[in-house]
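Chemist: Questions regarding the structure given below will be posed in turn.
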Amino acid sequence: MPPRWDAALRLLGGIHYLVLSGRASWDRVEDVLVEERDFLRRFVSEQRVQTNEVQRCWALLPCFLELARRTGATTFDMIELGTSAGLLLSWHHCHYRYETGEWGQHETLLRLAGEERRPVPAPLLERELVLRNRVGIDLEPVDLTTDEGALLLRSFVWADRRDRLARLDQAISVFRHDPPEIVQGDFFEVLPELLARRRPGALTVVLQVAVADYFSERVSKELEAALSEGGAAGPLAYVSTGRPEDRSDNYWGLWVSTWPGGEREMLAHADFHGAWLEWLT
């Protein structure tokens, strides 16, 4: 049987896990492959790749603000599909810098900025927005309240990306002060239950980042049906990443859909990890 497409990522993650644990060194990789072969075999066969890059919040925030402008909402309840550790659900605890202004908490550890290929409009950054309730759903969530969970998430960051590792450590610290609710399960089962329990006073926003790239056509249709059903029962929004129509491998499209109606529009292009943003509207 051929190896999984992500086997190399799992192997590198396993080696990095050992290095961060003090059990290995990048200077002796050949020895590690022999001495820790049993651990690495289990890691590669059992451990799903986990990435939760908080820099993506910098690209997502203008989408949230534009959604608030369009709907008139000032408060969100948010549900994230494929949440991993749930770091993106702490976007309201970050400070953001753009060419035309800033947004968010000035005293926070997490200060995010990036390259703007087309600037975010200044009036958007003047909007106030409150995040009332946060729930993340994942088949195998990472528990960042534990040292083991934090170690696992660090292991899937490239070892030479010290900026990403430092930002991840800051994000974990912020997360632990105010963690969201994380639900383990299949979001096709959990999402309808959460939508059915919506409370008045906030717009429910479903968020999906990077997960849809792995959906089959059947799964995509099931999600579309679940969102349409939820939208028929009350106001709902969906913020998602996806490939633009040209199927470029170099960037994402950032999309919003709103109900009633289910209209869908691409608001921006963005780097996969949030390093750059091209605002389109």
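Residue numbering restarts at 1 for every chain of the structure tokens, chains are lettered A, B, ... in their displayed order, and ligands are numbered from 1 as they appear.
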So which residues touch A:Gly185 within 9 Å, counting only C-alpha atoms, skipping near sequence neighbours fewer than 6 positions away, as a VMD selection string?
Modeler: chain A and resid 137 to 141
Chemist: May I have a table of the residues of stretch 93-206 of chain A lying at most 10 Å from stretch 259-272 of chain A, giving each one's closest pair of atoms and their distance in Å to one decimal, counting only C-alpha atoms, ordered by chain and ascending residue number, as a tab-separated table?
Modeler:
```
residue	atom	partner	partner_atom	distance
A:Glu115	CA	A:Asp271	CA	9.7
A:Glu116	CA	A:Ala270	CA	9.3
A:Arg117	CA	A:His269	CA	9.2
A:Arg118	CA	A:Ala268	CA	9.2
A:Val120	CA	A:Ala268	CA	9.7
```
Chemist: Looking at A:Arg167, A:Arg154, A:Arg197, A:Arg70, which one is nearest to A:Ser21, with distances taken over only C-alpha atoms?
Modeler: A:Arg154
Chemist: What is the distance, in Å and to one decimal place, between atom CA of A:Val205 and atom CA of A:Asp77?
Modeler: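 Distance reported for this atom pair: 6.1 Å.
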Chemist: Can you tell me, as a PDB file with C-alpha atoms, in the first residue's frame, what residues are no more than 12 Å from A:Asp27 when counting only C-alpha atoms, ignoring any on the same chain fewer than 6 positions away?
Modeler:
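Once everything was written out, this is result.pdb:
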```
ATOM      1  CA  ILE A  15      10.909  14.282  14.443  1.00  0.00           C
ATOM      2  CA  HIS A  16      10.178  17.864  15.505  1.00  0.00           C
ATOM      3  CA  VAL A  19      13.467  17.512  19.145  1.00  0.00           C
TER       4      VAL A  19
END
```
Chemist: Write out as a ChimeraX atom specification which residues come within 12 Å of A:Ile79 when counting only C-alpha atoms, dropping same-chain ones fewer than 6 positions away.
Modeler: /A:86,88-89,131-138,180-183,187,190-195,198,203-209,227,236-240
Chemist: Enumerate the residues of stretch 112-183 of chain A with a DSSP assignment of strand (DSSP E), computed from the backbone, and present them as a ChimeraX atom specification.
Modeler: /A:112,115-118,130-138,181-183
Chemist: Between A:Pro200, A:Pro3, A:Pro123, A:Gly274, which is the closest to A:Tyr251 once you count only C-alpha atoms?
Modeler: A:Gly274
Chemist: Quick one, how far is atom CA of A:Leu40 from atom CA of A:Asn52?
Modeler: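 For atom CA of A:Leu40 relative to atom CA of A:Asn52, the distance reads 21.9 Å.
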Chemist: Using only C-alpha atoms, which protein or nucleic acid residues come within 12 Å of A:Tyr214? Drop anything in the same chain fewer than 5 positions from it, and give the result as a PDB file with N, CA and C atoms, in the first residue's frame.
Modeler:
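Contents of selection27.pdb, as written:
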```
ATOM      1  N   TRP A   5      -0.660  10.713   1.447  1.00  0.00           N
ATOM      2  CA  TRP A   5      -0.092  11.903   0.812  1.00  0.00           C
ATOM      3  C   TRP A   5       0.648  12.771   1.818  1.00  0.00           C
ATOM      4  N   GLY A  82     -13.794  22.025  11.990  1.00  0.00           N
ATOM      5  CA  GLY A  82     -12.392  21.605  11.877  1.00  0.00           C
ATOM      6  C   GLY A  82     -11.476  22.541  12.626  1.00  0.00           C
ATOM      7  N   GLN A 208     -15.085  28.197   8.473  1.00  0.00           N
ATOM      8  CA  GLN A 208     -14.318  27.048   7.969  1.00  0.00           C
ATOM      9  C   GLN A 208     -13.059  27.565   7.311  1.00  0.00           C
ATOM     10  N   VAL A 209     -11.902  27.133   7.798  1.00  0.00           N
ATOM     11  CA  VAL A 209     -10.617  27.534   7.230  1.00  0.00           C
ATOM     12  C   VAL A 209      -9.807  26.282   6.907  1.00  0.00           C
ATOM     13  N   VAL A 219     -19.622  15.293   0.810  1.00  0.00           N
ATOM     14  CA  VAL A 219     -19.502  16.029   2.063  1.00  0.00           C
ATOM     15  C   VAL A 219     -19.831  17.504   1.860  1.00  0.00           C
ATOM     16  N   SER A 220     -19.369  18.081   0.755  1.00  0.00           N
ATOM     17  CA  SER A 220     -19.671  19.481   0.466  1.00  0.00           C
ATOM     18  C   SER A 220     -21.173  19.704   0.360  1.00  0.00           C
ATOM     19  N   THR A 241     -12.796  29.623   3.515  1.00  0.00           N
ATOM     20  CA  THR A 241     -11.718  29.706   2.539  1.00  0.00           C
ATOM     21  C   THR A 241     -11.975  28.677   1.440  1.00  0.00           C
ATOM     22  N   GLY A 242     -11.456  28.951   0.264  1.00  0.00           N
ATOM     23  CA  GLY A 242     -11.616  28.023  -0.846  1.00  0.00           C
ATOM     24  C   GLY A 242     -10.771  28.459  -2.021  1.00  0.00           C
ATOM     25  N   ARG A 243     -10.601  27.570  -2.962  1.00  0.00           N
ATOM     26  CA  ARG A 243      -9.824  27.897  -4.151  1.00  0.00           C
ATOM     27  C   ARG A 243     -10.623  28.823  -5.062  1.00  0.00           C
TER      28      ARG A 243
END
```
Chemist: If you take only C-alpha atoms and a cut-off of 10 Å, which residues of stretch 109-139 of chain A touch stretch 169-172 of chain A, and what are their nearest atom pairs and distances in Å to one decimal, in chain and number order, as CSV?
Modeler:
```
residue,atom,partner,partner_atom,distance
A:Leu109,CA,A:Gln170,CA,6.2
A:Leu110,CA,A:Gln170,CA,6.2
A:Arg111,CA,A:Gln170,CA,9.5
```
Chemist: Would you please give, as JSON, numbers by chain, all residues of stretch 9-255 of chain A that DSSP assigns to helix (DSSP H, G or I) based on the backbone?
Modeler: {"A": [9, 10, 11, 12, 13, 14, 15, 16, 17, 18, 19, 20, 26, 27, 28, 29, 30, 31, 32, 33, 34, 35, 37, 38, 39, 40, 41, 42, 43, 44, 45, 46, 56, 57, 58, 59, 60, 61, 62, 63, 64, 65, 66, 67, 68, 69, 70, 71, 87, 88, 89, 90, 91, 92, 93, 122, 123, 124, 125, 147, 148, 149, 150, 151, 152, 153, 154, 155, 162, 163, 164, 165, 166, 167, 168, 169, 170, 171, 172, 173, 174, 175, 176, 177, 187, 188, 189, 190, 191, 192, 193, 194, 195, 196, 211, 212, 213, 214, 217, 218, 219, 220, 221, 222, 223, 224, 225, 226, 227, 228, 229, 230, 231, 232]}
Chemist: For A:Leu125, which residue out of A:His106, A:Arg69, A:Arg164, A:Arg176 is the nearest one, using only C-alpha atoms?
Modeler: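 Comparing A:His106, A:Arg69, A:Arg164, A:Arg176 against A:Leu125, the winner is A:Arg69.
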Chemist: Pick the closest to A:Asp163 from A:Ala73, A:Leu277, A:Leu144, A:Val54: which is it, counting only C-alpha atoms?
Modeler: A:Val54
